[in-house]
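Structure below is final-v8.txt: compact mmCIF, C-alpha atoms and all ligand atoms.
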# COMPACT_ATOMS: atom_id res chain seq x y z
CA MET S 1 59.17 -31.16 -38.28
CA VAL S 2 57.46 -33.28 -35.65
CA CYS S 3 56.47 -36.95 -35.50
CA LEU S 4 56.13 -39.49 -32.69
CA GLY S 5 59.60 -41.03 -32.49
CA ASN S 6 61.78 -38.54 -34.44
CA ILE S 7 63.28 -41.59 -36.08
CA CYS S 8 61.29 -42.28 -39.30
CA ARG S 9 59.16 -39.43 -40.69
CA SER S 10 60.37 -36.14 -39.20
CA PRO S 11 64.09 -36.77 -39.89
CA LEU S 12 63.16 -37.23 -43.55
CA ALA S 13 61.05 -34.07 -43.51
CA GLU S 14 63.94 -32.14 -41.93
CA GLY S 15 66.48 -33.43 -44.45
CA ILE S 16 64.25 -32.83 -47.46
CA LEU S 17 63.19 -29.30 -46.51
CA GLN S 18 66.71 -28.26 -45.47
CA ALA S 19 68.12 -29.51 -48.79
CA LYS S 20 65.45 -27.68 -50.79
CA ALA S 21 65.85 -24.48 -48.76
CA ASP S 22 69.64 -24.55 -49.21
CA ALA S 23 69.25 -25.14 -52.95
CA ALA S 24 66.81 -22.22 -53.18
CA GLY S 25 69.22 -19.91 -51.34
CA LEU S 26 66.92 -19.57 -48.34
CA ASN S 27 68.75 -19.10 -45.06
CA TRP S 28 66.52 -21.47 -43.07
CA GLU S 29 67.31 -23.59 -40.05
CA VAL S 30 65.19 -26.74 -40.26
CA ASP S 31 65.04 -29.11 -37.29
CA SER S 32 62.96 -32.07 -36.15
CA ALA S 33 61.75 -33.60 -32.89
CA GLY S 34 59.47 -36.31 -31.54
CA THR S 35 56.52 -36.03 -29.20
CA ALA S 36 57.83 -39.14 -27.40
CA GLY S 37 61.28 -39.67 -25.94
CA TYR S 38 61.82 -43.29 -27.04
CA HIS S 39 64.72 -42.57 -29.40
CA ILE S 40 66.65 -39.66 -27.91
CA ASP S 41 70.17 -39.35 -29.35
CA GLU S 42 69.55 -42.15 -31.87
CA ALA S 43 70.31 -41.81 -35.58
CA PRO S 44 67.33 -41.97 -37.98
CA HIS S 45 65.86 -45.39 -38.86
CA GLU S 46 68.14 -47.19 -41.32
CA LEU S 47 65.37 -47.28 -43.95
CA SER S 48 64.81 -43.52 -43.62
CA GLN S 49 68.55 -43.07 -44.09
CA LYS S 50 68.46 -45.40 -47.09
CA VAL S 51 65.59 -43.71 -48.95
CA ALA S 52 67.09 -40.28 -48.23
CA LYS S 53 70.49 -41.35 -49.55
CA GLN S 54 68.90 -42.78 -52.71
CA ASN S 55 67.51 -39.29 -53.29
CA GLY S 56 70.78 -37.49 -52.56
CA VAL S 57 69.86 -36.34 -49.05
CA ASP S 58 72.13 -37.16 -46.10
CA ILE S 59 70.29 -37.49 -42.78
CA SER S 60 72.82 -39.81 -41.10
CA PHE S 61 74.15 -37.09 -38.77
CA GLN S 62 70.74 -36.31 -37.26
CA ARG S 63 70.00 -37.42 -33.69
CA GLY S 64 66.61 -37.89 -32.07
CA ARG S 65 65.29 -35.40 -29.58
CA LYS S 66 62.01 -34.69 -27.86
CA LEU S 67 59.84 -31.70 -28.69
CA ARG S 68 60.00 -28.99 -26.00
CA LYS S 69 57.72 -26.08 -25.30
CA GLU S 70 60.49 -23.58 -26.15
CA ASP S 71 60.38 -24.85 -29.76
CA PHE S 72 57.09 -22.99 -30.14
CA ILE S 73 58.99 -19.73 -29.52
CA ALA S 74 62.23 -20.62 -31.33
CA PHE S 75 60.68 -21.71 -34.64
CA ASP S 76 58.46 -19.74 -37.02
CA LYS S 77 56.59 -22.78 -38.27
CA ILE S 78 55.97 -26.26 -36.89
CA TYR S 79 54.77 -29.09 -39.12
CA VAL S 80 53.36 -32.28 -37.65
CA MET S 81 52.90 -35.56 -39.51
CA ASP S 82 49.54 -36.69 -38.10
CA SER S 83 46.67 -35.63 -35.88
CA GLU S 84 48.02 -37.54 -32.88
CA ASN S 85 51.26 -35.53 -33.22
CA TYR S 86 49.15 -32.37 -33.35
CA ASN S 87 47.37 -33.17 -30.11
CA ASP S 88 50.58 -34.30 -28.38
CA ALA S 89 52.38 -31.14 -29.55
CA ARG S 90 49.62 -28.99 -28.10
CA ARG S 91 49.93 -30.80 -24.77
CA ILE S 92 53.75 -30.35 -24.73
CA ALA S 93 53.49 -26.66 -25.66
CA GLY S 94 51.02 -25.83 -22.90
CA ASP S 95 50.83 -22.05 -22.64
CA TYR S 96 53.55 -21.71 -25.34
CA TRP S 97 51.09 -23.10 -27.93
CA LYS S 98 50.80 -20.94 -31.06
CA GLU S 99 47.88 -22.25 -33.09
CA ASN S 100 48.82 -20.30 -36.23
CA LYS S 101 52.38 -21.70 -36.26
CA VAL S 102 51.34 -25.35 -36.32
CA ASP S 103 49.91 -27.39 -39.19
CA LEU S 104 49.76 -30.89 -40.61
CA ILE S 105 52.43 -30.99 -43.31
CA LEU S 106 50.11 -32.61 -45.88
CA ASN S 107 47.84 -29.56 -45.69
CA GLU S 108 50.55 -28.00 -47.89
CA THR S 109 49.74 -30.50 -50.64
CA TYR S 110 46.05 -31.03 -49.86
CA PRO S 111 44.81 -27.81 -48.21
CA HIS S 112 42.33 -28.21 -45.33
CA GLU S 113 42.04 -32.00 -45.80
CA ASN S 114 43.96 -32.79 -42.60
CA ARG S 115 45.59 -35.88 -44.10
CA SER S 116 48.27 -37.78 -42.17
CA VAL S 117 51.70 -39.01 -43.22
CA PRO S 118 51.43 -42.74 -42.38
CA ASP S 119 53.84 -44.12 -39.81
CA PRO S 120 56.22 -46.48 -41.68
CA TRP S 121 57.63 -47.93 -38.41
CA TYR S 122 55.88 -51.32 -38.64
CA GLY S 123 56.16 -51.86 -42.42
CA GLY S 124 58.83 -52.46 -45.04
CA PHE S 125 60.89 -50.25 -47.32
CA ASP S 126 57.91 -49.46 -49.60
CA GLY S 127 56.33 -47.51 -46.75
CA PHE S 128 59.45 -45.38 -46.38
CA ILE S 129 59.48 -44.67 -50.13
CA GLU S 130 55.82 -43.63 -49.96
CA VAL S 131 56.54 -41.32 -47.01
CA TYR S 132 59.54 -39.83 -48.82
CA GLU S 133 57.43 -39.01 -51.88
CA MET S 134 54.67 -37.41 -49.80
CA LEU S 135 57.15 -35.26 -47.89
CA ASP S 136 59.05 -34.32 -51.05
CA LYS S 137 55.86 -32.94 -52.64
CA ALA S 138 54.82 -31.10 -49.48
CA CYS S 139 58.27 -29.52 -49.13
CA ASP S 140 58.18 -28.40 -52.77
CA LYS S 141 54.95 -26.53 -51.98
CA ILE S 142 56.52 -24.89 -48.93
CA ILE S 143 59.56 -23.71 -50.92
CA LYS S 144 57.42 -22.51 -53.81
CA ARG S 145 55.37 -20.31 -51.50
CA TYR S 146 58.46 -18.58 -50.12
CA THR S 147 60.25 -18.15 -53.44
CA SER S 148 57.35 -16.87 -55.56
CA ARG S 149 56.58 -13.66 -53.74
P1 LIG Z 201 58.14 -41.89 -36.39
O1 LIG Z 201 57.91 -43.47 -36.31
O2 LIG Z 201 57.14 -41.26 -35.47
O3 LIG Z 201 57.89 -41.58 -37.82
O4 LIG Z 201 59.57 -41.64 -35.98
C1 LIG Z 201 57.95 -44.17 -35.10
C2 LIG Z 201 59.14 -44.48 -34.54
C3 LIG Z 201 59.19 -45.22 -33.36
C4 LIG Z 201 58.02 -45.63 -32.77
C5 LIG Z 201 56.81 -45.30 -33.32
C6 LIG Z 201 56.78 -44.56 -34.48
N1 LIG Z 201 58.06 -46.39 -31.58
O5 LIG Z 201 57.01 -46.85 -31.13
O6 LIG Z 201 59.16 -46.57 -31.01
Transcribe the structure of this file into structure tokens.
Amino acid sequence: MVCLGNICRSPLAEGILQAKADAAGLNWEVDSAGTAGYHIDEAPHELSQKVAKQNGVDISFQRGRKLRKEDFIAFDKIYVMDSENYNDARRIAGDYWKENKVDLILNETYPHENRSVPDPWYGGFDGFIEVYEMLDKACDKIIKRYTSR
């Protein structure tokens, strides 16, 4: 799960998908990273932690890190939150880029529409709730695909 700061959106996406995978009995390792290094080793934004906790998901132990090109080998699938993340991820990956591994996460909910998860960084708690709900739906779609075959 990749966003810009690895402090608001992608920590939520990591926590939500990991919780759903665990509940579904899938042995998945879910991780998150940022395309920028502004918040390395920081805990998630307090409002991301708050909305997660309200929904029974603990993300307080997560720490920010920057996306690295080796992630494109280590992980089977890489979801980005917006088109800027997509372009930044491609730049970071360089010759490790794997086009078919990378997608905008909202293409799970709205196939081929290339919608973005809005950055809640500059807004209030409502924005974090909206992001949580978008990611929750997208992660349900991901889990459904892997449990219905
Ligand atoms: P995120 O949000 O990409 O969802 O983690 C942001 C966090 C920090 C900044 C921008 C976006 N920042 O400019 O520091």
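When all atoms listed in the file are used to compute distances to S:Ala21, the closest of the residues S:Cys139, S:Ser148, S:Lys66, S:Glu108 turns out to be S:Cys139.
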Please provide as an MDAnalysis selection string all residues within 7 Å of stretch 122-129 of chain S, with the sequence filter that same-chain residues fewer than 4 positions apart are discarded (counting only C-alpha atoms). chainID S and resid 47:48 51 133
Compile the contact shell of S:Gly5 as a ChimeraX atom specification: residues with an atom at most 9 Å away, counting all atoms listed in the file, same-chain residues fewer than 5 positions apart removed. /S:10,33-40,64-66
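Atom CA of S:Ala74 lies 24.8 Å from atom C6 of ligand LIG 201 (chain Z).
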Might you pull out every residue within 12 Å of S:Tyr132, with all atoms listed in the file counted and same-chain residues fewer than 3 positions away left off, and present them as a short mmCIF file (atom, residue, chain, number, x, y, z; two decimals) with C-alpha atoms, in the frame of the given file?
data_model
loop_
_atom_site.label_atom_id
_atom_site.label_comp_id
_atom_site.auth_asym_id
_atom_site.auth_seq_id
_atom_site.Cartn_x
_atom_site.Cartn_y
_atom_site.Cartn_z
CA CYS S 8 61.29 -42.28 -39.30
CA ARG S 9 59.16 -39.43 -40.69
CA SER S 10 60.37 -36.14 -39.20
CA PRO S 11 64.09 -36.77 -39.89
CA LEU S 12 63.16 -37.23 -43.55
CA ALA S 13 61.05 -34.07 -43.51
CA GLU S 14 63.94 -32.14 -41.93
CA GLY S 15 66.48 -33.43 -44.45
CA ILE S 16 64.25 -32.83 -47.46
CA LEU S 17 63.19 -29.30 -46.51
CA LEU S 47 65.37 -47.28 -43.95
CA SER S 48 64.81 -43.52 -43.62
CA GLN S 49 68.55 -43.07 -44.09
CA LYS S 50 68.46 -45.40 -47.09
CA VAL S 51 65.59 -43.71 -48.95
CA ALA S 52 67.09 -40.28 -48.23
CA LYS S 53 70.49 -41.35 -49.55
CA GLN S 54 68.90 -42.78 -52.71
CA ASN S 55 67.51 -39.29 -53.29
CA VAL S 57 69.86 -36.34 -49.05
CA VAL S 117 51.70 -39.01 -43.22
CA PRO S 118 51.43 -42.74 -42.38
CA ASP S 119 53.84 -44.12 -39.81
CA PRO S 120 56.22 -46.48 -41.68
CA PHE S 125 60.89 -50.25 -47.32
CA ASP S 126 57.91 -49.46 -49.60
CA GLY S 127 56.33 -47.51 -46.75
CA PHE S 128 59.45 -45.38 -46.38
CA ILE S 129 59.48 -44.67 -50.13
CA LEU S 135 57.15 -35.26 -47.89
CA ASP S 136 59.05 -34.32 -51.05
CA LYS S 137 55.86 -32.94 -52.64
CA ALA S 138 54.82 -31.10 -49.48
CA CYS S 139 58.27 -29.52 -49.13
#
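Note that the spacing between atom CA of S:Pro111 and atom CA of S:Glu70 amounts to 27.4 Å.
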Give me the residues within 8 Å of S:Lys98 as a list in words, counting all atoms listed in the file and dropping any in the same chain fewer than 3 places off.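 Listing them by chain and then by number gives Phe72, Lys101 and Val102 of chain S.
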Can you spit out stretch 56-88 of chain S with N, CA, C and O atoms, as a PDB file, in the first residue's frame, from the structure just given?
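Ended up saving to decode-v2.pdb:
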ATOM      1  N   GLY S  56     -12.098  -0.887  15.005  1.00  0.00           N
ATOM      2  CA  GLY S  56     -11.525  -2.114  15.541  1.00  0.00           C
ATOM      3  C   GLY S  56     -10.205  -2.531  14.914  1.00  0.00           C
ATOM      4  O   GLY S  56      -9.808  -3.696  14.995  1.00  0.00           O
ATOM      5  N   VAL S  57      -9.526  -1.577  14.263  1.00  0.00           N
ATOM      6  CA  VAL S  57      -8.241  -1.889  13.619  1.00  0.00           C
ATOM      7  C   VAL S  57      -7.139  -1.090  14.316  1.00  0.00           C
ATOM      8  O   VAL S  57      -7.231   0.134  14.432  1.00  0.00           O
ATOM      9  N   ASP S  58      -6.113  -1.780  14.766  1.00  0.00           N
ATOM     10  CA  ASP S  58      -4.995  -1.116  15.455  1.00  0.00           C
ATOM     11  C   ASP S  58      -3.857  -0.872  14.470  1.00  0.00           C
ATOM     12  O   ASP S  58      -3.292  -1.823  13.922  1.00  0.00           O
ATOM     13  N   ILE S  59      -3.543   0.399  14.221  1.00  0.00           N
ATOM     14  CA  ILE S  59      -2.411   0.709  13.329  1.00  0.00           C
ATOM     15  C   ILE S  59      -1.314   1.470  14.089  1.00  0.00           C
ATOM     16  O   ILE S  59      -0.366   1.958  13.473  1.00  0.00           O
ATOM     17  N   SER S  60      -1.452   1.534  15.429  1.00  0.00           N
ATOM     18  CA  SER S  60      -0.564   2.399  16.218  1.00  0.00           C
ATOM     19  C   SER S  60       0.896   1.951  16.184  1.00  0.00           C
ATOM     20  O   SER S  60       1.797   2.757  16.398  1.00  0.00           O
ATOM     21  N   PHE S  61       1.128   0.663  15.915  1.00  0.00           N
ATOM     22  CA  PHE S  61       2.497   0.125  15.929  1.00  0.00           C
ATOM     23  C   PHE S  61       3.232   0.374  14.617  1.00  0.00           C
ATOM     24  O   PHE S  61       4.439   0.180  14.524  1.00  0.00           O
ATOM     25  N   GLN S  62       2.511   0.795  13.577  1.00  0.00           N
ATOM     26  CA  GLN S  62       3.148   0.993  12.269  1.00  0.00           C
ATOM     27  C   GLN S  62       4.120   2.179  12.321  1.00  0.00           C
ATOM     28  O   GLN S  62       3.901   3.128  13.053  1.00  0.00           O
ATOM     29  N   ARG S  63       5.160   2.111  11.500  1.00  0.00           N
ATOM     30  CA  ARG S  63       6.114   3.217  11.395  1.00  0.00           C
ATOM     31  C   ARG S  63       6.371   3.528   9.924  1.00  0.00           C
ATOM     32  O   ARG S  63       6.477   2.611   9.111  1.00  0.00           O
ATOM     33  N   GLY S  64       6.486   4.801   9.627  1.00  0.00           N
ATOM     34  CA  GLY S  64       6.645   5.226   8.237  1.00  0.00           C
ATOM     35  C   GLY S  64       7.954   4.755   7.618  1.00  0.00           C
ATOM     36  O   GLY S  64       8.981   4.710   8.288  1.00  0.00           O
ATOM     37  N   ARG S  65       7.877   4.402   6.358  1.00  0.00           N
ATOM     38  CA  ARG S  65       9.102   4.103   5.612  1.00  0.00           C
ATOM     39  C   ARG S  65       8.915   4.548   4.170  1.00  0.00           C
ATOM     40  O   ARG S  65       7.796   4.800   3.722  1.00  0.00           O
ATOM     41  N   LYS S  66      10.018   4.629   3.461  1.00  0.00           N
ATOM     42  CA  LYS S  66       9.964   5.048   2.066  1.00  0.00           C
ATOM     43  C   LYS S  66       9.950   3.818   1.159  1.00  0.00           C
ATOM     44  O   LYS S  66      10.593   2.805   1.459  1.00  0.00           O
ATOM     45  N   LEU S  67       9.193   3.939   0.084  1.00  0.00           N
ATOM     46  CA  LEU S  67       9.152   2.867  -0.915  1.00  0.00           C
ATOM     47  C   LEU S  67      10.552   2.661  -1.504  1.00  0.00           C
ATOM     48  O   LEU S  67      11.266   3.618  -1.753  1.00  0.00           O
ATOM     49  N   ARG S  68      10.926   1.384  -1.731  1.00  0.00           N
ATOM     50  CA  ARG S  68      12.231   1.095  -2.330  1.00  0.00           C
ATOM     51  C   ARG S  68      12.046   0.178  -3.524  1.00  0.00           C
ATOM     52  O   ARG S  68      11.046  -0.559  -3.606  1.00  0.00           O
ATOM     53  N   LYS S  69      12.997   0.199  -4.416  1.00  0.00           N
ATOM     54  CA  LYS S  69      12.813  -0.563  -5.655  1.00  0.00           C
ATOM     55  C   LYS S  69      12.670  -2.064  -5.392  1.00  0.00           C
ATOM     56  O   LYS S  69      11.940  -2.753  -6.098  1.00  0.00           O
ATOM     57  N   GLU S  70      13.303  -2.552  -4.315  1.00  0.00           N
ATOM     58  CA  GLU S  70      13.218  -3.982  -3.985  1.00  0.00           C
ATOM     59  C   GLU S  70      11.787  -4.411  -3.637  1.00  0.00           C
ATOM     60  O   GLU S  70      11.443  -5.596  -3.737  1.00  0.00           O
ATOM     61  N   ASP S  71      10.941  -3.448  -3.236  1.00  0.00           N
ATOM     62  CA  ASP S  71       9.541  -3.781  -2.935  1.00  0.00           C
ATOM     63  C   ASP S  71       8.824  -4.352  -4.162  1.00  0.00           C
ATOM     64  O   ASP S  71       7.874  -5.118  -4.022  1.00  0.00           O
ATOM     65  N   PHE S  72       9.299  -3.972  -5.331  1.00  0.00           N
ATOM     66  CA  PHE S  72       8.633  -4.444  -6.557  1.00  0.00           C
ATOM     67  C   PHE S  72       8.977  -5.897  -6.849  1.00  0.00           C
ATOM     68  O   PHE S  72       8.327  -6.542  -7.664  1.00  0.00           O
ATOM     69  N   ILE S  73      10.006  -6.433  -6.175  1.00  0.00           N
ATOM     70  CA  ILE S  73      10.337  -7.857  -6.244  1.00  0.00           C
ATOM     71  C   ILE S  73       9.671  -8.586  -5.069  1.00  0.00           C
ATOM     72  O   ILE S  73       9.084  -9.645  -5.229  1.00  0.00           O
ATOM     73  N   ALA S  74       9.756  -7.978  -3.883  1.00  0.00           N
ATOM     74  CA  ALA S  74       9.334  -8.649  -2.642  1.00  0.00           C
ATOM     75  C   ALA S  74       7.829  -8.872  -2.552  1.00  0.00           C
ATOM     76  O   ALA S  74       7.376  -9.826  -1.927  1.00  0.00           O
ATOM     77  N   PHE S  75       7.050  -7.964  -3.157  1.00  0.00           N
ATOM     78  CA  PHE S  75       5.591  -8.044  -3.013  1.00  0.00           C
ATOM     79  C   PHE S  75       4.938  -8.467  -4.322  1.00  0.00           C
ATOM     80  O   PHE S  75       5.407  -8.139  -5.406  1.00  0.00           O
ATOM     81  N   ASP S  76       3.831  -9.210  -4.189  1.00  0.00           N
ATOM     82  CA  ASP S  76       3.105  -9.712  -5.362  1.00  0.00           C
ATOM     83  C   ASP S  76       2.224  -8.643  -5.984  1.00  0.00           C
ATOM     84  O   ASP S  76       1.898  -8.717  -7.171  1.00  0.00           O
ATOM     85  N   LYS S  77       1.793  -7.695  -5.146  1.00  0.00           N
ATOM     86  CA  LYS S  77       0.852  -6.675  -5.627  1.00  0.00           C
ATOM     87  C   LYS S  77       1.154  -5.359  -4.920  1.00  0.00           C
ATOM     88  O   LYS S  77       1.416  -5.351  -3.715  1.00  0.00           O
ATOM     89  N   ILE S  78       1.101  -4.276  -5.653  1.00  0.00           N
ATOM     90  CA  ILE S  78       1.355  -2.957  -5.068  1.00  0.00           C
ATOM     91  C   ILE S  78       0.193  -2.033  -5.440  1.00  0.00           C
ATOM     92  O   ILE S  78      -0.090  -1.822  -6.623  1.00  0.00           O
ATOM     93  N   TYR S  79      -0.495  -1.544  -4.407  1.00  0.00           N
ATOM     94  CA  TYR S  79      -1.600  -0.603  -4.628  1.00  0.00           C
ATOM     95  C   TYR S  79      -1.149   0.806  -4.277  1.00  0.00           C
ATOM     96  O   TYR S  79      -0.579   1.031  -3.201  1.00  0.00           O
ATOM     97  N   VAL S  80      -1.448   1.737  -5.174  1.00  0.00           N
ATOM     98  CA  VAL S  80      -1.174   3.148  -4.908  1.00  0.00           C
ATOM     99  C   VAL S  80      -2.500   3.878  -4.728  1.00  0.00           C
ATOM    100  O   VAL S  80      -3.548   3.414  -5.179  1.00  0.00           O
ATOM    101  N   MET S  81      -2.430   5.014  -4.037  1.00  0.00           N
ATOM    102  CA  MET S  81      -3.660   5.748  -3.697  1.00  0.00           C
ATOM    103  C   MET S  81      -4.076   6.734  -4.784  1.00  0.00           C
ATOM    104  O   MET S  81      -5.264   7.001  -4.942  1.00  0.00           O
ATOM    105  N   ASP S  82      -3.089   7.307  -5.502  1.00  0.00           N
ATOM    106  CA  ASP S  82      -3.447   8.288  -6.534  1.00  0.00           C
ATOM    107  C   ASP S  82      -2.447   8.241  -7.691  1.00  0.00           C
ATOM    108  O   ASP S  82      -1.437   7.523  -7.627  1.00  0.00           O
ATOM    109  N   SER S  83      -2.743   9.011  -8.727  1.00  0.00           N
ATOM    110  CA  SER S  83      -1.929   8.913  -9.939  1.00  0.00           C
ATOM    111  C   SER S  83      -0.533   9.511  -9.745  1.00  0.00           C
ATOM    112  O   SER S  83       0.424   9.077 -10.387  1.00  0.00           O
ATOM    113  N   GLU S  84      -0.417  10.462  -8.827  1.00  0.00           N
ATOM    114  CA  GLU S  84       0.921  10.985  -8.516  1.00  0.00           C
ATOM    115  C   GLU S  84       1.770   9.886  -7.856  1.00  0.00           C
ATOM    116  O   GLU S  84       2.950   9.710  -8.183  1.00  0.00           O
ATOM    117  N   ASN S  85       1.130   9.119  -6.939  1.00  0.00           N
ATOM    118  CA  ASN S  85       1.848   7.985  -6.321  1.00  0.00           C
ATOM    119  C   ASN S  85       2.297   7.000  -7.391  1.00  0.00           C
ATOM    120  O   ASN S  85       3.393   6.435  -7.313  1.00  0.00           O
ATOM    121  N   TYR S  86       1.426   6.781  -8.372  1.00  0.00           N
ATOM    122  CA  TYR S  86       1.731   5.819  -9.448  1.00  0.00           C
ATOM    123  C   TYR S  86       2.990   6.251 -10.195  1.00  0.00           C
ATOM    124  O   TYR S  86       3.922   5.461 -10.397  1.00  0.00           O
ATOM    125  N   ASN S  87       3.020   7.518 -10.567  1.00  0.00           N
ATOM    126  CA  ASN S  87       4.174   8.022 -11.323  1.00  0.00           C
ATOM    127  C   ASN S  87       5.443   8.047 -10.477  1.00  0.00           C
ATOM    128  O   ASN S  87       6.526   7.707 -10.960  1.00  0.00           O
ATOM    129  N   ASP S  88       5.302   8.419  -9.199  1.00  0.00           N
ATOM    130  CA  ASP S  88       6.464   8.424  -8.298  1.00  0.00           C
ATOM    131  C   ASP S  88       6.977   7.003  -8.059  1.00  0.00           C
ATOM    132  O   ASP S  88       8.183   6.764  -8.002  1.00  0.00           O
TER     133      ASP S  88
END
